[in-house]
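Reproduced below: data.txt, with compact mmCIF, C-alpha atoms and all ligand atoms.
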```txt
# COMPACT_ATOMS: atom_id res chain seq x y z
CA MET A 26 20.91 22.58 13.55
CA GLU A 27 20.12 18.97 12.82
CA ASN A 28 16.39 19.65 12.77
CA ASN A 29 16.73 21.82 9.69
CA LYS A 30 17.74 18.81 7.67
CA PRO A 31 14.93 16.98 5.87
CA LEU A 32 13.60 13.97 7.75
CA LEU A 33 13.32 11.99 4.53
CA GLN A 34 15.23 12.41 1.31
CA LEU A 35 14.59 10.38 -1.81
CA ILE A 36 17.41 10.63 -4.30
CA HIS A 37 16.80 9.34 -7.85
CA LEU A 38 14.66 6.58 -6.39
CA LYS A 39 13.49 3.88 -8.79
CA LYS A 40 11.29 0.85 -8.33
CA TYR A 41 10.87 -1.33 -11.39
CA PHE A 42 8.87 -4.56 -11.47
CA GLU A 43 9.93 -7.35 -13.79
CA VAL A 44 7.00 -8.25 -16.00
CA GLY A 45 8.11 -11.28 -17.97
CA SER A 46 10.96 -11.99 -20.28
CA SER A 47 11.31 -12.94 -23.91
CA PHE A 48 11.15 -16.53 -25.12
CA PHE A 49 14.80 -17.24 -24.37
CA GLY A 50 14.80 -15.12 -21.27
CA LYS A 51 17.38 -12.77 -22.73
CA THR A 52 15.51 -9.52 -22.69
CA LYS A 53 13.40 -8.73 -19.70
CA SER A 54 10.72 -6.11 -19.63
CA TYR A 55 10.17 -3.84 -16.71
CA LEU A 56 7.30 -1.83 -15.41
CA THR A 57 8.75 1.48 -14.31
CA ALA A 58 6.39 2.15 -11.40
CA VAL A 59 8.66 4.69 -9.70
CA ASP A 60 11.13 6.24 -12.08
CA ASP A 61 13.80 8.57 -10.76
CA VAL A 62 12.01 10.37 -7.95
CA SER A 63 13.90 12.96 -5.90
CA ILE A 64 11.95 14.70 -3.14
CA GLU A 65 12.55 15.83 0.43
CA ILE A 66 10.12 15.79 3.31
CA ASN A 67 10.77 18.07 6.26
CA ARG A 68 10.19 17.32 9.89
CA GLY A 69 6.63 18.07 10.99
CA GLU A 70 5.28 18.81 7.52
CA THR A 71 2.60 17.11 5.47
CA PHE A 72 3.76 16.36 1.97
CA GLY A 73 0.82 15.57 -0.30
CA LEU A 74 1.44 13.22 -3.24
CA VAL A 75 -1.17 13.23 -6.00
CA GLY A 76 -1.61 11.61 -9.37
CA GLU A 77 -3.93 9.36 -11.31
CA SER A 78 -4.47 5.71 -10.50
CA GLY A 79 -1.45 3.58 -11.40
CA CYS A 80 1.09 6.43 -11.48
CA GLY A 81 3.15 4.78 -8.74
CA LYS A 82 2.07 6.49 -5.51
CA SER A 83 1.60 3.33 -3.44
CA THR A 84 4.78 1.82 -4.87
CA LEU A 85 6.68 4.91 -3.79
CA GLY A 86 5.16 4.72 -0.28
CA ARG A 87 5.88 1.03 0.03
CA SER A 88 9.46 1.51 -1.13
CA ILE A 89 10.03 4.22 1.48
CA VAL A 90 9.05 1.88 4.32
CA ARG A 91 11.04 -0.87 2.59
CA LEU A 92 8.10 -3.17 1.92
CA TYR A 93 9.67 -3.12 -1.53
CA ASP A 94 13.38 -3.15 -2.21
CA PRO A 95 14.19 -0.16 -4.41
CA THR A 96 15.71 -0.89 -7.82
CA ALA A 97 18.05 2.11 -7.71
CA GLY A 98 18.58 5.42 -5.97
CA GLN A 99 18.68 6.22 -2.28
CA ILE A 100 16.38 6.65 0.68
CA ILE A 101 17.97 8.81 3.37
CA TYR A 102 16.07 8.82 6.64
CA ASP A 103 17.20 11.30 9.28
CA GLY A 104 20.63 11.42 7.67
CA GLU A 105 21.06 7.61 7.42
CA ASP A 106 20.97 5.68 4.16
CA ILE A 107 18.33 2.97 4.60
CA THR A 108 18.06 1.96 0.93
CA THR A 109 19.70 -1.41 1.22
CA ILE A 110 19.91 -2.16 4.94
CA SER A 111 18.75 -5.64 5.95
CA GLN A 112 15.25 -6.30 7.26
CA HIS A 113 16.87 -6.87 10.65
CA GLU A 114 18.57 -3.47 10.60
CA MET A 115 15.32 -2.00 9.29
CA LEU A 116 13.55 -3.02 12.49
CA LYS A 117 14.61 0.11 14.36
CA TYR A 118 13.35 2.26 11.49
CA ARG A 119 10.04 0.38 11.43
CA LYS A 120 9.34 2.00 14.75
CA ARG A 121 10.05 5.46 13.37
CA LEU A 122 8.47 5.00 9.94
CA GLN A 123 4.95 3.66 9.68
CA MET A 124 2.40 3.21 6.94
CA ILE A 125 -1.38 3.46 6.87
CA PHE A 126 -2.59 1.32 4.00
CA GLN A 127 -4.89 2.23 1.17
CA ASP A 128 -7.37 -0.58 1.69
CA PRO A 129 -8.81 -0.79 5.21
CA TYR A 130 -10.37 -4.17 4.34
CA ALA A 131 -7.27 -5.97 3.16
CA SER A 132 -4.72 -4.46 5.50
CA LEU A 133 -5.93 -5.94 8.79
CA ASN A 134 -5.39 -9.57 9.71
CA THR A 135 -8.90 -10.97 10.06
CA ARG A 136 -7.84 -13.66 12.53
CA MET A 137 -6.42 -11.22 15.04
CA THR A 138 -8.40 -9.18 17.55
CA VAL A 139 -8.10 -5.42 17.47
CA SER A 140 -6.01 -5.59 20.61
CA GLU A 141 -3.60 -8.07 18.99
CA ILE A 142 -3.40 -5.97 15.81
CA ILE A 143 -2.59 -2.78 17.69
CA GLY A 144 -0.39 -4.54 20.24
CA GLU A 145 1.81 -6.31 17.69
CA GLY A 146 4.16 -3.37 17.13
CA ILE A 147 4.27 -2.59 20.85
CA GLU A 148 5.49 -6.14 21.45
CA THR A 149 7.96 -6.22 18.57
CA HIS A 150 9.62 -3.08 19.86
CA ASN A 151 9.28 -4.04 23.55
CA LEU A 152 7.59 -0.76 24.37
CA TYR A 153 5.13 -1.90 27.02
CA SER A 154 3.92 -5.18 28.45
CA GLY A 155 1.14 -6.53 30.64
CA GLN A 156 -1.34 -4.04 32.00
CA GLU A 157 0.64 -1.07 30.66
CA LYS A 158 0.38 -2.46 27.16
CA LEU A 159 -3.36 -2.93 27.55
CA GLU A 160 -3.78 0.62 28.83
CA LYS A 161 -1.78 1.88 25.86
CA ILE A 162 -4.10 -0.02 23.49
CA TYR A 163 -7.16 1.46 25.18
CA ASP A 164 -5.63 4.92 24.95
CA LEU A 165 -4.93 4.46 21.26
CA LEU A 166 -8.48 3.25 20.60
CA GLU A 167 -9.81 6.36 22.29
CA THR A 168 -7.33 8.57 20.44
CA VAL A 169 -8.74 7.38 17.11
CA GLY A 170 -12.35 7.70 18.26
CA LEU A 171 -13.05 4.04 19.05
CA LYS A 172 -13.94 2.47 22.39
CA ARG A 173 -11.97 0.25 24.75
CA GLU A 174 -14.66 -2.43 24.39
CA HIS A 175 -13.59 -2.72 20.75
CA ALA A 176 -10.25 -4.22 21.78
CA SER A 177 -11.52 -7.79 21.92
CA ARG A 178 -13.39 -7.68 18.61
CA TYR A 179 -12.29 -8.80 15.14
CA PRO A 180 -11.91 -6.57 12.04
CA HIS A 181 -15.03 -7.95 10.29
CA GLU A 182 -17.17 -6.48 13.07
CA PHE A 183 -16.26 -2.93 11.99
CA SER A 184 -17.23 -0.54 9.21
CA GLY A 185 -14.70 0.73 6.65
CA GLY A 186 -14.18 3.97 8.54
CA GLN A 187 -13.68 2.13 11.81
CA ARG A 188 -11.21 -0.27 10.22
CA GLN A 189 -9.22 2.64 8.89
CA ARG A 190 -9.16 4.00 12.45
CA ILE A 191 -7.82 0.64 13.64
CA GLY A 192 -5.11 0.90 10.97
CA ILE A 193 -4.26 4.38 12.18
CA ALA A 194 -4.13 3.21 15.82
CA ARG A 195 -1.83 0.37 14.75
CA SER A 196 0.57 2.78 13.10
CA LEU A 197 0.50 5.16 16.09
CA ALA A 198 1.16 2.36 18.57
CA VAL A 199 4.91 2.44 18.07
CA GLU A 200 5.04 6.24 18.46
CA PRO A 201 6.45 6.88 14.98
CA GLU A 202 7.90 10.07 13.49
CA LEU A 203 6.81 9.72 9.89
CA ILE A 204 3.65 8.06 8.61
CA VAL A 205 3.06 7.24 4.96
CA CYS A 206 -0.71 7.68 4.70
CA ASP A 207 -1.67 5.85 1.50
CA GLU A 208 -5.06 7.23 0.50
CA PRO A 209 -6.29 6.81 4.08
CA ILE A 210 -9.69 8.24 3.27
CA SER A 211 -10.39 7.24 -0.34
CA ALA A 212 -12.25 4.08 0.60
CA LEU A 213 -14.43 5.90 3.11
CA ASP A 214 -17.81 7.59 2.79
CA VAL A 215 -17.57 11.30 2.08
CA SER A 216 -19.32 11.97 5.39
CA ILE A 217 -16.52 10.41 7.41
CA GLN A 218 -13.58 11.50 5.25
CA ALA A 219 -13.44 14.90 6.93
CA GLN A 220 -13.53 13.30 10.37
CA VAL A 221 -10.55 11.09 9.63
CA VAL A 222 -8.60 13.98 8.05
CA ASN A 223 -9.29 16.18 11.07
CA MET A 224 -8.20 13.40 13.34
CA LEU A 225 -4.94 12.97 11.42
CA GLU A 226 -4.31 16.70 11.70
CA ASP A 227 -4.96 16.72 15.45
CA LEU A 228 -2.64 13.76 15.91
CA GLN A 229 0.03 15.58 13.95
CA ASP A 230 -0.26 18.64 16.17
CA ASN A 231 -0.21 16.62 19.36
CA MET A 232 2.53 14.20 18.43
CA GLY A 233 4.69 16.25 16.05
CA LEU A 234 4.19 13.75 13.24
CA THR A 235 5.42 14.08 9.67
CA TYR A 236 3.11 12.79 6.93
CA LEU A 237 3.48 11.68 3.37
CA PHE A 238 -0.17 11.94 2.41
CA ILE A 239 -1.10 10.13 -0.80
CA ALA A 240 -4.31 10.93 -2.70
CA HIS A 241 -5.86 10.66 -6.14
CA ASP A 242 -7.08 14.17 -6.52
CA LEU A 243 -5.90 17.58 -5.52
CA SER A 244 -9.05 18.65 -3.72
CA MET A 245 -8.35 16.09 -1.02
CA VAL A 246 -4.77 17.10 -0.29
CA LYS A 247 -5.03 20.86 -0.57
CA HIS A 248 -6.38 21.36 2.90
CA ILE A 249 -4.02 19.04 4.72
CA SER A 250 -0.71 19.53 2.84
CA ASP A 251 2.07 22.04 3.40
CA ARG A 252 3.67 21.07 0.11
CA ILE A 253 2.43 18.93 -2.75
CA GLY A 254 4.14 16.71 -5.31
CA VAL A 255 2.35 15.83 -8.54
CA MET A 256 3.20 12.41 -9.97
CA TYR A 257 2.65 11.11 -13.49
CA LEU A 258 3.74 7.69 -14.82
CA GLY A 259 6.36 7.14 -12.14
CA LYS A 260 7.82 10.65 -12.23
CA ILE A 261 7.41 13.82 -10.21
CA MET A 262 6.17 16.60 -12.49
CA GLU A 263 5.88 19.46 -10.03
CA VAL A 264 6.58 20.19 -6.35
CA CYS A 265 5.79 23.34 -4.41
CA GLY A 266 3.87 24.79 -1.49
CA SER A 267 0.23 23.84 -1.39
CA ASN A 268 -1.13 27.38 -1.87
CA GLU A 269 1.40 28.11 -4.58
CA LEU A 270 0.30 25.01 -6.51
CA TYR A 271 -3.29 26.24 -6.59
CA ARG A 272 -2.37 29.84 -7.33
CA ASN A 273 0.32 29.20 -9.87
CA PRO A 274 0.35 25.68 -11.32
CA LEU A 275 3.15 25.49 -13.89
CA HIS A 276 3.10 21.99 -15.32
CA PRO A 277 0.43 21.40 -17.99
CA TYR A 278 -0.51 18.19 -16.18
CA THR A 279 -1.02 19.99 -12.87
CA GLN A 280 -3.12 22.60 -14.68
CA ALA A 281 -5.33 19.86 -16.11
CA LEU A 282 -5.66 18.16 -12.71
CA LEU A 283 -6.64 21.43 -11.07
CA SER A 284 -9.12 22.34 -13.77
CA SER A 285 -11.03 19.14 -13.07
CA ILE A 286 -11.79 20.17 -9.48
CA PRO A 287 -15.29 21.62 -9.32
CA ILE A 288 -15.33 25.14 -7.90
CA PRO A 289 -18.23 25.81 -5.54
CA ASP A 290 -18.27 29.58 -6.15
CA PRO A 291 -20.26 30.30 -9.35
CA LYS A 292 -18.55 33.69 -9.81
CA HIS A 293 -15.29 31.89 -10.35
CA ASN A 294 -16.87 29.25 -12.50
CA LYS A 295 -17.16 31.57 -15.51
CA THR A 296 -13.43 31.93 -15.77
CA HIS A 297 -12.78 28.34 -14.77
CA LYS A 298 -12.28 26.35 -17.93
CA ARG A 299 -11.99 22.63 -17.67
CA ILE A 300 -9.02 21.20 -19.54
CA ILE A 301 -9.89 17.86 -21.05
CA LEU A 302 -6.79 15.75 -21.44
CA GLN A 303 -6.39 14.37 -24.96
CA GLY A 304 -4.41 11.27 -25.86
CA ASP A 305 -3.93 7.96 -24.06
CA VAL A 306 -2.64 7.35 -20.60
CA LYS A 307 0.48 5.41 -21.45
CA SER A 308 1.49 2.27 -19.62
CA PRO A 309 4.47 2.27 -17.29
CA ILE A 310 5.61 -0.90 -19.14
CA ASN A 311 6.43 1.06 -22.27
CA PRO A 312 6.50 4.65 -21.12
CA PRO A 313 6.92 7.28 -23.84
CA GLU A 314 10.42 8.55 -24.59
CA GLY A 315 11.18 12.04 -23.39
CA CYS A 316 8.58 13.61 -21.14
CA ARG A 317 6.13 11.00 -19.84
CA PHE A 318 3.27 13.42 -20.40
CA ASN A 319 4.05 14.25 -24.04
CA THR A 320 1.21 12.13 -25.47
CA ARG A 321 -1.39 14.24 -23.67
CA CYS A 322 0.23 17.66 -23.43
CA ARG A 323 -1.33 20.69 -25.13
CA TYR A 324 2.05 22.36 -25.52
CA VAL A 325 4.08 19.40 -26.78
CA LYS A 326 7.22 20.30 -28.78
CA ASP A 327 9.73 18.05 -30.56
CA ILE A 328 12.14 18.09 -27.66
CA CYS A 329 9.42 16.71 -25.35
CA ARG A 330 9.37 13.47 -27.36
CA GLU A 331 13.13 13.07 -27.20
CA VAL A 332 14.56 14.38 -23.95
CA THR A 333 13.26 13.64 -20.46
CA PRO A 334 13.01 16.94 -18.60
CA GLN A 335 14.58 17.13 -15.13
CA LEU A 336 12.90 18.55 -12.06
CA LYS A 337 14.21 22.13 -11.81
CA GLU A 338 13.64 24.91 -9.31
CA VAL A 339 12.10 27.68 -11.42
CA GLU A 340 10.98 29.92 -8.58
CA LYS A 341 12.00 29.70 -4.95
CA GLY A 342 10.68 26.40 -3.63
CA HIS A 343 8.76 25.72 -6.86
CA PHE A 344 10.07 22.79 -8.87
CA VAL A 345 8.81 21.68 -12.25
CA SER A 346 9.85 19.07 -14.74
CA CYS A 347 8.88 20.50 -18.12
CA HIS A 348 10.69 21.77 -21.23
CA LEU A 349 8.52 24.89 -21.25
CA PHE A 350 10.60 26.07 -18.30
CA GLU A 351 14.09 25.34 -19.56
N1 LIG B 401 3.78 -5.83 -6.86
C1 LIG B 401 3.67 -5.39 -8.13
N2 LIG B 401 4.10 -6.13 -9.17
C2 LIG B 401 4.00 -5.66 -10.44
N3 LIG B 401 3.49 -4.47 -10.77
C3 LIG B 401 3.03 -3.70 -9.78
C4 LIG B 401 3.10 -4.11 -8.41
N4 LIG B 401 2.56 -3.13 -7.62
C5 LIG B 401 2.20 -2.15 -8.48
N5 LIG B 401 2.45 -2.50 -9.76
C6 LIG B 401 2.22 -1.65 -10.95
O1 LIG B 401 2.93 -0.44 -10.75
C7 LIG B 401 2.19 0.66 -11.23
C8 LIG B 401 1.97 1.63 -10.10
O2 LIG B 401 1.09 1.04 -9.15
P1 LIG B 401 0.71 1.75 -7.78
O3 LIG B 401 -0.13 0.81 -7.01
O4 LIG B 401 1.95 2.25 -7.15
O5 LIG B 401 -0.15 2.98 -8.30
P2 LIG B 401 -1.00 4.05 -7.47
O6 LIG B 401 -0.56 5.37 -7.97
O7 LIG B 401 -0.90 3.76 -6.03
O8 LIG B 401 -2.49 3.77 -7.98
P3 LIG B 401 -3.87 3.89 -7.17
O9 LIG B 401 -4.19 5.36 -7.14
O10 LIG B 401 -4.84 3.13 -8.03
O11 LIG B 401 -3.69 3.29 -5.82
C9 LIG B 401 0.90 0.08 -11.82
O12 LIG B 401 1.07 -0.05 -13.20
C10 LIG B 401 0.77 -1.27 -11.14
O13 LIG B 401 0.09 -2.16 -11.98
MG MG B 402 -2.21 3.26 -4.56
```
Would you write out, as structure tokens, the structure that this file holds?
Ligand SMILES: Nc1ncnc2c1ncn2[C@@H]1O[C@H](COP(=O)(O)OP(=O)(O)OP(=O)(O)O)[C@@H](O)[C@H]1O
Ligand SMILES: [Mg+2]
Amino acid sequence: MENNKPLLQLIHLKKYFEVGSSFFGKTKSYLTAVDDVSIEINRGETFGLVGESGCGKSTLGRSIVRLYDPTAGQIIYDGEDITTISQHEMLKYRKRLQMIFQDPYASLNTRMTVSEIIGEGIETHNLYSGQEKLEKIYDLLETVGLKREHASRYPHEFSGGQRQRIGIARSLAVEPELIVCDEPISALDVSIQAQVVNMLEDLQDNMGLTYLFIAHDLSMVKHISDRIGVMYLGKIMEVCGSNELYRNPLHPYTQALLSSIPIPDPKHNKTHKRIILQGDVKSPINPPEGCRFNTRCRYVKDICREVTPQLKEVEKGHFVSCHLFE
């Protein structure tokens, strides 16, 4: 019974950053990085999150693992509200909820050996010690395609792809349930992206992991995701099954994102028209009133400039936030 419940539920989640105040400090301005996001992630699934740079993907991921304190809304993990629990109480969830960071260069402590980096979580959660801990570290290195000899080396001795593998081994070390994978392959060469994705998929099968997989473009997440959420200026514009999103994209923004993916089959190319987005990408400091996408939408109507559309289920399991569907 319990397993049918979503593993993670975000309910009207917001994360605003304060970006300065007026001369007398009376009015503050906020950057609305994550603005009223409600999604659910089921046990064992991969939920892909896509959107352009700066739309709030990393901020959402970091808020989920409580590296940021949310401004409003709720994070429900396995039925428990973890939105405002203390860092001390969060410790037990740190074991269950891990994050692989976007930048494999910045996310590893350069003064620690690989063994110390991977072993840190094992120690914090008292999982193994002594020889057992060392064996576990060796196992993890082999799991991510590195060698046990690598344990005594430092991050600067590795390539970008290898560092990302170290980051993955670190997150696996505590035997988590859900991993927020923040663009785990974007910084890597195309030739090794597929290897890392395949590895993440194998790990998921073997360990029953749940992923929130963040990426810039849809071509990267299609293959790996069960469902996909499309984000624009802090808001979720569309959520549905991965195949459904490609077959039947409803939101004008999703349609534009999809049209920018090159199609290898020339037969299809004739009917494949690229939609060039007009208008500016607005800043999350002064987001447009109404629908966040109204400044670039081909179908914009008056209501879109006035009323913010809500995410609505328009077909079974297919949610869209757009006045065209109200
Ligand atoms: N710590 C912070 N303080 C202030 N503003 C921040 C902070 N972190 C992110 N932002 C801002 O929040 C917005 C969303 O940033 P975020 O890093 O979440 O975007 P993203 O979708 O992950 O982008 P990318 O694809 O480039 O990684 C941006 O406007 C960014 O400048
Ligand atoms: Mg990011």
Return as JSON lines the residues of stretch 149-261 of chain A lying at most 7 Å from stretch 126-143 of chain A, together with the closest atom-to-atom pair for each and the distance in Å to one decimal, counting all atoms listed in the file, with rows in chain order and ascending residue number.
```
{"residue": "A:Ile162", "atom": "CA", "partner": "A:Ser140", "partner_atom": "CA", "distance": 6.6}
{"residue": "A:His175", "atom": "CA", "partner": "A:Val139", "partner_atom": "CA", "distance": 6.9}
{"residue": "A:Ala176", "atom": "CA", "partner": "A:Ser140", "partner_atom": "CA", "distance": 4.6}
{"residue": "A:Ser177", "atom": "CA", "partner": "A:Thr138", "partner_atom": "CA", "distance": 5.5}
{"residue": "A:Arg178", "atom": "CA", "partner": "A:Thr138", "partner_atom": "CA", "distance": 5.3}
{"residue": "A:Tyr179", "atom": "CA", "partner": "A:Thr138", "partner_atom": "CA", "distance": 4.6}
{"residue": "A:Pro180", "atom": "CA", "partner": "A:Thr135", "partner_atom": "CA", "distance": 5.7}
{"residue": "A:His181", "atom": "CA", "partner": "A:Thr135", "partner_atom": "CA", "distance": 6.8}
{"residue": "A:Gly185", "atom": "CA", "partner": "A:Pro129", "partner_atom": "CA", "distance": 6.3}
{"residue": "A:Arg188", "atom": "CA", "partner": "A:Pro129", "partner_atom": "CA", "distance": 5.6}
{"residue": "A:Gln189", "atom": "CA", "partner": "A:Pro129", "partner_atom": "CA", "distance": 5.0}
{"residue": "A:Ala194", "atom": "CA", "partner": "A:Ile143", "partner_atom": "CA", "distance": 6.5}
{"residue": "A:Arg195", "atom": "CA", "partner": "A:Ile143", "partner_atom": "CA", "distance": 4.4}
{"residue": "A:Ala198", "atom": "CA", "partner": "A:Ile143", "partner_atom": "CA", "distance": 6.4}
{"residue": "A:Cys206", "atom": "CA", "partner": "A:Phe126", "partner_atom": "CA", "distance": 6.7}
{"residue": "A:Asp207", "atom": "CA", "partner": "A:Gln127", "partner_atom": "CA", "distance": 4.9}
{"residue": "A:Glu208", "atom": "CA", "partner": "A:Gln127", "partner_atom": "CA", "distance": 5.0}
{"residue": "A:Pro209", "atom": "CA", "partner": "A:Gln127", "partner_atom": "CA", "distance": 5.6}
{"residue": "A:Ala212", "atom": "CA", "partner": "A:Asp128", "partner_atom": "CA", "distance": 6.8}
```
Counting all atoms listed in the file, closest pick from A:Arg190, A:Lys158, A:Arg119, A:Arg330 relative to A:Leu171 is A:Arg190
Q. Pick the closest to A:Asn268 from A:Lys161, A:Lys307, A:His343, A:His241: which is it, counting all atoms listed in the file?
A.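 With all atoms listed in the file as the atom set, the closest residue is A:His343.
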Please check which protein, DNA or RNA residues sit within 12 Å of ligand MG 402 (chain B), counting all atoms listed in the file, and write them as a PyMOL selection string. chain A and resi 58+74-87+125-128+205-212+238-241+256
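Ranking A:Thr52, A:Ser88, A:Thr71, A:Gln112 by their shortest atom-to-atom distance to ligand LIG 401 (chain B), with all atoms listed in the file included, puts A:Ser88 first.
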Please return the centre and edge lengths, in Å to one decimal, of a box with edges along x, y and z that contains all listed atoms of ligand LIG 401 (chain B), widened by 3 Å on every side, as lines of an AutoDock Vina configuration file.
```
center_x = -0.4
center_y = -0.4
center_z = -9.5
size_x = 14.9
size_y = 17.5
size_z = 13.4
```
Taking (5.2, 7.5, 12.3) in the file's own coordinates, collect the residues within 12 Å, counting all atoms listed in the file, and hand them back as a PDB file with C-alpha atoms, in the coordinates of the input.
```
ATOM      1  CA  LEU A  32      13.600  13.970   7.750  1.00  0.00           C
ATOM      2  CA  ARG A  68      10.190  17.320   9.890  1.00  0.00           C
ATOM      3  CA  GLY A  69       6.630  18.070  10.990  1.00  0.00           C
ATOM      4  CA  VAL A  90       9.050   1.880   4.320  1.00  0.00           C
ATOM      5  CA  TYR A 118      13.350   2.260  11.490  1.00  0.00           C
ATOM      6  CA  ARG A 119      10.040   0.380  11.430  1.00  0.00           C
ATOM      7  CA  LYS A 120       9.340   2.000  14.750  1.00  0.00           C
ATOM      8  CA  ARG A 121      10.050   5.460  13.370  1.00  0.00           C
ATOM      9  CA  LEU A 122       8.470   5.000   9.940  1.00  0.00           C
ATOM     10  CA  GLN A 123       4.950   3.660   9.680  1.00  0.00           C
ATOM     11  CA  MET A 124       2.400   3.210   6.940  1.00  0.00           C
ATOM     12  CA  ILE A 125      -1.380   3.460   6.870  1.00  0.00           C
ATOM     13  CA  GLY A 146       4.160  -3.370  17.130  1.00  0.00           C
ATOM     14  CA  ILE A 193      -4.260   4.380  12.180  1.00  0.00           C
ATOM     15  CA  ALA A 194      -4.130   3.210  15.820  1.00  0.00           C
ATOM     16  CA  ARG A 195      -1.830   0.370  14.750  1.00  0.00           C
ATOM     17  CA  SER A 196       0.570   2.780  13.100  1.00  0.00           C
ATOM     18  CA  LEU A 197       0.500   5.160  16.090  1.00  0.00           C
ATOM     19  CA  ALA A 198       1.160   2.360  18.570  1.00  0.00           C
ATOM     20  CA  VAL A 199       4.910   2.440  18.070  1.00  0.00           C
ATOM     21  CA  GLU A 200       5.040   6.240  18.460  1.00  0.00           C
ATOM     22  CA  PRO A 201       6.450   6.880  14.980  1.00  0.00           C
ATOM     23  CA  GLU A 202       7.900  10.070  13.490  1.00  0.00           C
ATOM     24  CA  LEU A 203       6.810   9.720   9.890  1.00  0.00           C
ATOM     25  CA  ILE A 204       3.650   8.060   8.610  1.00  0.00           C
ATOM     26  CA  VAL A 205       3.060   7.240   4.960  1.00  0.00           C
ATOM     27  CA  CYS A 206      -0.710   7.680   4.700  1.00  0.00           C
ATOM     28  CA  LEU A 225      -4.940  12.970  11.420  1.00  0.00           C
ATOM     29  CA  LEU A 228      -2.640  13.760  15.910  1.00  0.00           C
ATOM     30  CA  GLN A 229       0.030  15.580  13.950  1.00  0.00           C
ATOM     31  CA  MET A 232       2.530  14.200  18.430  1.00  0.00           C
ATOM     32  CA  GLY A 233       4.690  16.250  16.050  1.00  0.00           C
ATOM     33  CA  LEU A 234       4.190  13.750  13.240  1.00  0.00           C
ATOM     34  CA  THR A 235       5.420  14.080   9.670  1.00  0.00           C
ATOM     35  CA  TYR A 236       3.110  12.790   6.930  1.00  0.00           C
ATOM     36  CA  LEU A 237       3.480  11.680   3.370  1.00  0.00           C
TER      37      LEU A 237
END
```
Students should find that atom CA of A:Ala97 and atom CA of A:Gly259 are spaced 13.5 Å
> Which one of A:Ile261, A:Ala219, A:Ile107, A:Val325 sits closest to ligand LIG 401 (chain B) if you count all atoms listed in the file?
Replying inline: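 Checking each of A:Ile261, A:Ala219, A:Ile107, A:Val325 against ligand LIG 401 (chain B), counting all atoms listed in the file, the winner is A:Ile261.
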**Message:** Counting all atoms listed in the file, which residue out of A:Gly45, A:Gly104, A:Pro31, A:Pro277 sits closest to ligand LIG 401 (chain B)?
**Reply:**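 Result for the nearest residue to ligand LIG 401 (chain B): A:Gly45.
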TODO: Kindly indicate which residue among A:Leu275, A:Cys322, A:Val169, A:Val255 lies nearest to ligand LIG 401 (chain B), using all atoms listed in the file for the distances.
DONE: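 That would be A:Val255, the residue with the smallest distance to ligand LIG 401 (chain B).
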What's the 9 Å shell around A:Leu349, counting all atoms listed in the file, without same-chain residues fewer than 5 positions away, as a PDB file with C-alpha atoms, in the frame of the given file?
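What follows is the written file result31.pdb:
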```
ATOM      1  CA  HIS A 276       3.100  21.990 -15.320  1.00  0.00           C
ATOM      2  CA  TYR A 324       2.050  22.360 -25.520  1.00  0.00           C
ATOM      3  CA  VAL A 325       4.080  19.400 -26.780  1.00  0.00           C
ATOM      4  CA  LYS A 326       7.220  20.300 -28.780  1.00  0.00           C
TER       5      LYS A 326
END
```
ask   = What separation in Å, quoted to one decimal, exists between atom CA of A:Ile217 and atom O8 of ligand LIG 401 (chain B)?
value =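 Taking atom CA of A:Ile217 as the start and atom O8 of ligand LIG 401 (chain B) as the end point, the length is 21.9 Å.
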Report, in Å to a single decimal, how far apart atom CA of A:Leu213 and atom CA of A:Phe183 are.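 Spanning atom CA of A:Phe183 to atom CA of A:Leu213 is a straight-line distance of 12.7 Å.
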Discussion item. Set the distance at 10 Å and use all atoms listed in the file: which residues neighbour A:Gly315 once local chain neighbours fewer than 2 positions away are removed? I'd like the list as a list in words.
Written reply: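 So, after excluding close chain neighbours, the residues are Pro312, Pro313, Arg317, Phe318, Asn319, Asp327, Ile328, Cys329, Arg330, Glu331, Val332, Thr333, Pro334 and His348 of chain A.
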Export, as a tab-separated table (two decimals), keeping the file's coordinate frame, the selected residues with C-alpha atoms.
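Full text of result12.tsv as output:
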```
chain	number	residue	atom	x	y	z
A	312	PRO	CA	6.50	4.65	-21.12
A	313	PRO	CA	6.92	7.28	-23.84
A	317	ARG	CA	6.13	11.00	-19.84
A	318	PHE	CA	3.27	13.42	-20.40
A	319	ASN	CA	4.05	14.25	-24.04
A	327	ASP	CA	9.73	18.05	-30.56
A	328	ILE	CA	12.14	18.09	-27.66
A	329	CYS	CA	9.42	16.71	-25.35
A	330	ARG	CA	9.37	13.47	-27.36
A	331	GLU	CA	13.13	13.07	-27.20
A	332	VAL	CA	14.56	14.38	-23.95
A	333	THR	CA	13.26	13.64	-20.46
A	334	PRO	CA	13.01	16.94	-18.60
A	348	HIS	CA	10.69	21.77	-21.23
```
Would you pick out the contacts of A:Asn311 at 10 Å or less, using all atoms listed in the file, so that residues sharing its chain but fewer than 6 positions from it are not included, and give the list as a JSON list (two decimals) with C-alpha atoms, keeping the file's coordinate frame?
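Output saved as selection_2.json:
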```json
[["chain", "number", "residue", "atom", "x", "y", "z"],
["A", 54, "SER", "CA", 10.72, -6.11, -19.63],
["A", 55, "TYR", "CA", 10.17, -3.84, -16.71],
["A", 56, "LEU", "CA", 7.30, -1.83, -15.41],
["A", 57, "THR", "CA", 8.75, 1.48, -14.31]]
```
